[in-house]
2 protein chains.
Amino acid sequence: MKKLITIFMVLTLMSCAEQENSGNTKTHPNLVVTQAGVESMRASLGHVPLFDQSVNETRQEVDAEIENGIEVPIPKDLAGGYTHQRHKLNFFMMQKAGVLFQITGEEKYAQYIKEMLLEYHKMWPTIGKHPAKRSYARGKLFWQCLNDANWLVYTSQAYDCIYDWLDTETITKLNDELFRPYADFLSIENPRFHNRLHNHSTWANAAVGMIGLVMGDEKLVDRALYAFDVDKESGLTDNDGGSLSLKGYKEGGFIAQMDHSFSPDGYYTEGPYYQRYAMYPFLIFAQGLANKKPDLEILDYRDGLLIKAVYTLINQTNTQGEFFPINDSQKGMSLQSRELVMAVSMAYHYGGNDPQLLSIIEDQGRVPLNDSGLTAAKAIAEGKSEPFVYKSIEITDGPKGDEGAIGILRADDLTVVMKYAKHGMGHGHFDRLGFLMYDETGEVIQDYGAARWVNVEHKDGGGYLKENHSWSKETVAHNTLVVNKDSHFDHEVKAADKVAGTPYYFTSTDKLQLTSAKELNAYDGVEMHRTMAVVEIDEIENPLVIDLFSVQAAAGTRYDLPLYYQGHFMSSNQEFENNNILSPMGENDGYQHLWAEAQTKLTGENYQMTWFNNKKFYTITSTVESGDEMFLTRIGANDPNFNLRRDPGMIHRRTGGNTVFASLYEVHGSYNYASERPLNLFTSVENLKILHQSADYVAVQIVLKSGESYQFAFSLNDKDKSSQHTIKTALGSLEWQGVYNFQNLN
Amino acid sequence: MKKLITIFMVLTLMSCAEQENSGNTKTHPNLVVTQAGVESMRASLGHVPLFDQSVNETRQEVDAEIENGIEVPIPKDLAGGYTHQRHKLNFFMMQKAGVLFQITGEEKYAQYIKEMLLEYHKMWPTIGKHPAKRSYARGKLFWQCLNDANWLVYTSQAYDCIYDWLDTETITKLNDELFRPYADFLSIENPRFHNRLHNHSTWANAAVGMIGLVMGDEKLVDRALYAFDVDKESGLTDNDGGSLSLKGYKEGGFIAQMDHSFSPDGYYTEGPYYQRYAMYPFLIFAQGLANKKPDLEILDYRDGLLIKAVYTLINQTNTQGEFFPINDSQKGMSLQSRELVMAVSMAYHYGGNDPQLLSIIEDQGRVPLNDSGLTAAKAIAEGKSEPFVYKSIEITDGPKGDEGAIGILRADDLTVVMKYAKHGMGHGHFDRLGFLMYDETGEVIQDYGAARWVNVEHKDGGGYLKENHSWSKETVAHNTLVVNKDSHFDHEVKAADKVAGTPYYFTSTDKLQLTSAKELNAYDGVEMHRTMAVVEIDEIENPLVIDLFSVQAAAGTRYDLPLYYQGHFMSSNQEFENNNILSPMGENDGYQHLWAEAQTKLTGENYQMTWFNNKKFYTITSTVESGDEMFLTRIGANDPNFNLRRDPGMIHRRTGGNTVFASLYEVHGSYNYASERPLNLFTSVENLKILHQSADYVAVQIVLKSGESYQFAFSLNDKDKSSQHTIKTALGSLEWQGVYNFQNLN
């Protein structure tokens, strides 16, 4: 780090005079679009289909807006409202118009940006802070500084594209009376916004730094990279809330964000939905730095962290390219987002031209209009594209990679995701050891995601709904264990943020993939250890999922293990008692939102239930202990504004001490509505038995209807690959070496 | 009809001697595949992509089955079970193998059929009736004769393809000891199955007739075409049930089925789901007759009824090609079904080479391996395909076309279907004046369809579930008026079958499409009249649906008007009171399956509610009368086996006498999950007012948020286009000519 700073300081001094020059020599564009890139783009027009298509789509969009005329309204509305949406549209349009100006040379695009900027310039001195007072850092054009930073990040790019085209007078006016004041507003006037280690601050850093790069204002670039000392600057008060003492307050800056925001694997603790959003300022500012300050070698920083983070995002998607909805996430956010369209092409261009990224770009169907986009589109046109191979991986969390992880198992079309990462701060859910499951049709076992319709005004202005707290974050809303009806960490974010899950073992072989982790802190006196394995078994159609949830706790503990399956109940081997009168299952911790539609005292060795979804069948097989109960649930109670989806679930309830919840999840068969022909509509599993359970081991036997029988044994406390284990099972003594043993018993 | 019979009798006498010949001269195939067709197919191999692809797919399928080996198990299972599915698969495979033998000349296909037939020949004398006793006409291989007739229809085609290849001894054995006995079983031994006017009997007729055509057995063909006199044949008892006197029992036969099964518009009273199924034997037997007995001119019969019926089926599909789920229908049945794959190509080949059919065949992605399929595939390869234009049409019901109808309105991507047809016999629902609505994403306002998972054993063996009676057929399960909590016709099928709905007016113009019908019999003393119009209004994004449901009844009548919208509640202008404890809304007529999730006493002039589905927004606006209530409902109470979907709905409740329920349905806006940008997420409708209501007229005013105002007036009892009308409205006096008036008031 020190070396980097030194190099940068020297560079800054060297180039300062030259860069303060504005517009007289050909120095722009050189931020995200470069002069060399522009030449190349112009030369490529008409020769690179995907690039041409993206240019044409962008043209249509911008031309329609130019036709519509410039609207720069006095800020008034919250997210979703007219003035919010209009200013947001404006910065997107300016950025696009800028690139179009460079590519096509048509001055109407430059003129459009200039006129709009002059409107903003005119309005700027007349407006105070945004009238809405919801944010800890109120913005100017928007209700929060965050959106204003978005504005400046995009507008910087537009400005860069027309900088050399503008007259000096206009540049001086805009620099001194709009952009520098704006950059100061987003930094020194809002230190709590700019100087934190937080995704909001990354936007602040990028905004300040990028406009600094365009204007050649090294003071701003320096502030963006390394934050600033609050007590050194003059006139510093945080107007938002008032009396907070800020003396000595300095944290953050872009380089510090890079040190702290991501794990070495490129995982962002809030999860992929926010990572996607948070990545944009990292990547876009990094592109500017790579182009304008190549010696900073920002893309190589922390072992190429930023490019790695793009891969990490791709790895956190399902077959539809949608992000796993871990923590607060709106489902459906995907590789199609503008952030990823920018990011994947950038990873291709700056990250070693990996042909597997091209197939993702093909699916995106568009490229960013910059050097990266052109490179990618050309490579696609040259037929270099290869399918992206999704592998099983464990992605660590925490800046040092030692604070938990998420385990992703992939086998054929099946994906299992288990979460034992950090909490994820304010957007985290109390879901330690929770899991999700997908197949090629989409969700099989779902995570609810956030209770929010982003930007949809019908739903409380598009913000987080109160059910996001009362339902979505609670443990019972997830596929993990609830003890004594309480959420993990007593749903205290601070407590949860302090400690991460404990990765125990992860492996990926041809026939077996496995992730195993412990959670020792979520409940006092309760040790939880979940092991999930995906095994390929010759006799059955698809890989089978084994789920062994071991718990060590005092006798008399009440366990609830929910499972949110997607689809329609087909049949069960148990007799359920159905309720015609539905009442909420509890009063807090999320139970107040659940209705029990049916329940039963489980009998026999196994509980089996088959459901149907998207033309496929699914069966769960779980071992039963005496006294176990099963509830079939429905979300929707205590939901006065219909904010929650009426999704089904089941809860396996047990009262006991040390125990194991053992289950199999099987994807099988199909149904064709046109031929009305079902295939393989019954489970292949005859029986699941626990052969051994103790504090140190768990072993199960899987008996198939075909007569084949398999055994899976696992060492819970010794993961040394060379260790020898011997346990007594119901089938006799079992010996093996290494953490697990999986074998056919026939 | 008489002329037709005469011609046929003459032909029969003339050709009898020749046709009794079996296999010594080249006389086969000549049923569905012709000798000329075979030559043409052989010559086309490798030149017609869609045909080649269908040949290859069929080859793969049949080769896999040949590899698997022949299985002809002793009949045991119900639908969904192994022996049922196996015998079903066998006949499909034999039919396909037969065609492959003809096209490829590879004897392995002929050998496969021969061996399988000899297995059936061996088993035939050893089996009695199927052990399951559910059917009024128990079959041999299957639990009902219906499936046995399927077997014979398909197997006849296979037999035709290998007839000339077989040795005389085998032919004699099969004819005398398998096929003739089988044909007799399905006819003279089961007169109640063969000799009725019913879709089951069409299968019987086709089975008996087609095997007759193959064997050259004119007695069988005659029996199939014209049924038989029960008292003339020897040994006739109906083994199923015993003592029924059958003397003089003669009804049906193929020609009579053609006279009675369809309306002149080609509509089948049970609705498109059953029409699709019922059509197959009509069409396949007709192809055989067209090829083998061209002078019968069966395809010209009743003004080309059979080809017309194919169009009628196509017109009863949504944008996904799925049939409207009127009456008992499993949703998802579509133009992709094997019946339609056969039917559409046949309609192209025999029905005048309509290029619009080719686009449907392209979507089907395969063609039948026969003369029709080849013709269609060739035409597609030649680029003759044109898009199918779905027009607004009214399709009459009843053999004479005077027993009600269904009205289909199409405007842009919007489809509105209103049903005022006959009841539809045993598979009919009590849904007079009910409607459905679709857009390009699928269902907007749904019909529940049948409570059944066809062939899915989990669900009561795949048959109709008891909730099909207790919920799906009941009036409250449909988008139509329930009076005093009773279903139409007191849910008596016989009563409902006696009288049809009364079409009142149907029109389709550029800017307005309208269907209007009365129902005078569903409730004693209640006259219902629904008018639905789709209007194109310049100021709004999509066509707007106007729904005026007028009722004349005594004061104090309780009305419930349900609406089954698909999607998630967004917001309403009314304050709903939500229920945390849910109880069933009633004890019978379907109400026992509904929970009220929320309710409110409506206030103000209008009720508005916006919902969201498939990335689009939808708003209902309804006029409110003093005392009106609205319930937000959920299906699922009293459903012990989770047979029903937990779908939402709303019920508008009013107590009064003569009244009008006036509503608008608006499709608007969109949401993109990747950009998180909603467009046009609020309704454009400011207000809906009833300007006039009386026994003779209804008039409403639509005020848009844009300030534009429209007026729609309708004459309820005088549909003469030249009539002049004058009514008093809240806006003054209104005069117009013709049944309706729609105008912009600005």
# chains A, B, ... in the order shown; residues from 1 in each chain; ligands from 1
>>> interface_residues(of="chain A", to="chain B", cutoff="6 Å", atoms="only C-alpha atoms", output="count of residues only")
19
>>> residues_around(residues="region 655-668 of chain B", least_positions_apart="2", cutoff="9 Å", atoms="only C-alpha atoms", output="PyMOL selection string")
chain B and resi 414+439+444+540-561+616-624+627-628+652-653+670+679-685+688-690+693-695+698+700+702
>>> select_by_dssp(residues="region 311-462 of chain B", states="helix (DSSP H, G or I)", output="MDAnalysis selection string")
chainID B and resid 311:315 338:350 355:364 371:381 425:427 460:462
>>> residues_around(residues="Gln446 (chain A)", least_positions_apart="3", cutoff="8 Å", atoms="only C-alpha atoms", output="ChimeraX atom specification")
/A:436-437,443,564-566
>>> write_last_selection(atoms="N, CA, C and O atoms", output="mmCIF file, in the first residue's frame")
data_model
loop_
_atom_site.group_PDB
_atom_site.id
_atom_site.type_symbol
_atom_site.label_atom_id
_atom_site.label_comp_id
_atom_site.auth_asym_id
_atom_site.auth_seq_id
_atom_site.Cartn_x
_atom_site.Cartn_y
_atom_site.Cartn_z
ATOM 1 N N LEU A 436 -30.083 -22.508 -0.553
ATOM 2 C CA LEU A 436 -30.972 -22.341 -1.706
ATOM 3 C C LEU A 436 -30.695 -23.463 -2.673
ATOM 4 O O LEU A 436 -29.594 -24.010 -2.688
ATOM 5 N N MET A 437 -31.656 -23.764 -3.506
ATOM 6 C CA MET A 437 -31.422 -24.806 -4.501
ATOM 7 C C MET A 437 -32.115 -24.407 -5.803
ATOM 8 O O MET A 437 -33.249 -23.919 -5.802
ATOM 9 N N GLU A 443 -35.888 -21.567 -9.354
ATOM 10 C CA GLU A 443 -35.840 -21.875 -7.924
ATOM 11 C C GLU A 443 -36.508 -23.210 -7.594
ATOM 12 O O GLU A 443 -37.623 -23.474 -8.023
ATOM 13 N N TYR A 564 -38.624 -23.788 2.197
ATOM 14 C CA TYR A 564 -39.498 -23.042 1.290
ATOM 15 C C TYR A 564 -39.382 -23.588 -0.122
ATOM 16 O O TYR A 564 -38.595 -23.098 -0.928
ATOM 17 N N TYR A 565 -40.154 -24.624 -0.367
ATOM 18 C CA TYR A 565 -40.177 -25.232 -1.695
ATOM 19 C C TYR A 565 -41.051 -24.378 -2.609
ATOM 20 O O TYR A 565 -42.006 -23.754 -2.166
ATOM 21 N N GLN A 566 -40.728 -24.384 -3.886
ATOM 22 C CA GLN A 566 -41.532 -23.659 -4.879
ATOM 23 C C GLN A 566 -42.384 -24.672 -5.638
ATOM 24 O O GLN A 566 -41.835 -25.561 -6.276
#
>>> residues_around(residues="Trp471 (chain B)", least_positions_apart="6", cutoff="8 Å", atoms="only C-alpha atoms", output="ChimeraX atom specification")
/B:451,477,589-590,593
>>> decode(residues="region 302-356 of chain B", atoms="C-alpha atoms", output="compact mmCIF listing (two decimals), in the first residue's frame")
# COMPACT_ATOMS: atom_id res chain seq x y z
CA ARG B 302 -71.45 -29.91 -43.86
CA ASP B 303 -69.72 -27.20 -45.79
CA GLY B 304 -66.23 -28.48 -44.98
CA LEU B 305 -66.99 -28.79 -41.30
CA LEU B 306 -63.92 -30.75 -40.23
CA ILE B 307 -61.42 -28.31 -41.70
CA LYS B 308 -63.44 -25.42 -40.32
CA ALA B 309 -63.26 -27.04 -36.88
CA VAL B 310 -59.47 -26.97 -37.01
CA TYR B 311 -59.58 -23.20 -37.53
CA THR B 312 -62.07 -22.90 -34.72
CA LEU B 313 -59.62 -24.65 -32.44
CA ILE B 314 -56.79 -22.37 -33.46
CA ASN B 315 -58.98 -19.37 -32.80
CA GLN B 316 -59.57 -20.61 -29.27
CA THR B 317 -55.95 -20.22 -28.19
CA ASN B 318 -54.04 -17.52 -26.36
CA THR B 319 -50.73 -15.98 -27.42
CA GLN B 320 -48.89 -19.04 -26.12
CA GLY B 321 -51.00 -21.28 -28.33
CA GLU B 322 -52.81 -22.68 -25.29
CA PHE B 323 -56.51 -23.39 -25.45
CA PHE B 324 -58.94 -21.25 -23.48
CA PRO B 325 -59.64 -23.46 -20.42
CA ILE B 326 -63.39 -23.32 -20.81
CA ASN B 327 -65.27 -26.05 -18.93
CA ASP B 328 -63.23 -29.03 -17.73
CA SER B 329 -59.80 -28.30 -19.15
CA GLN B 330 -56.30 -28.83 -17.97
CA LYS B 331 -54.45 -25.62 -18.63
CA GLY B 332 -51.41 -25.82 -20.87
CA MET B 333 -52.99 -28.04 -23.50
CA SER B 334 -52.05 -26.37 -26.72
CA LEU B 335 -51.39 -26.34 -30.42
CA GLN B 336 -48.33 -28.45 -29.52
CA SER B 337 -50.49 -31.50 -28.85
CA ARG B 338 -50.13 -34.45 -31.19
CA GLU B 339 -53.77 -34.03 -32.20
CA LEU B 340 -53.15 -30.52 -33.44
CA VAL B 341 -49.85 -31.41 -35.06
CA MET B 342 -51.85 -33.86 -37.14
CA ALA B 343 -54.85 -31.56 -37.57
CA VAL B 344 -53.16 -28.36 -38.71
CA SER B 345 -51.08 -30.06 -41.39
CA MET B 346 -54.17 -31.91 -42.51
CA ALA B 347 -56.13 -28.66 -42.70
CA TYR B 348 -53.31 -27.26 -44.81
CA HIS B 349 -53.14 -30.26 -47.13
CA TYR B 350 -56.84 -30.95 -47.60
CA GLY B 351 -58.19 -27.48 -46.87
CA GLY B 352 -56.84 -25.25 -49.57
CA ASN B 353 -53.18 -24.67 -48.63
CA ASP B 354 -53.78 -21.65 -46.41
CA PRO B 355 -50.30 -20.12 -45.87
CA GLN B 356 -51.34 -18.77 -42.45
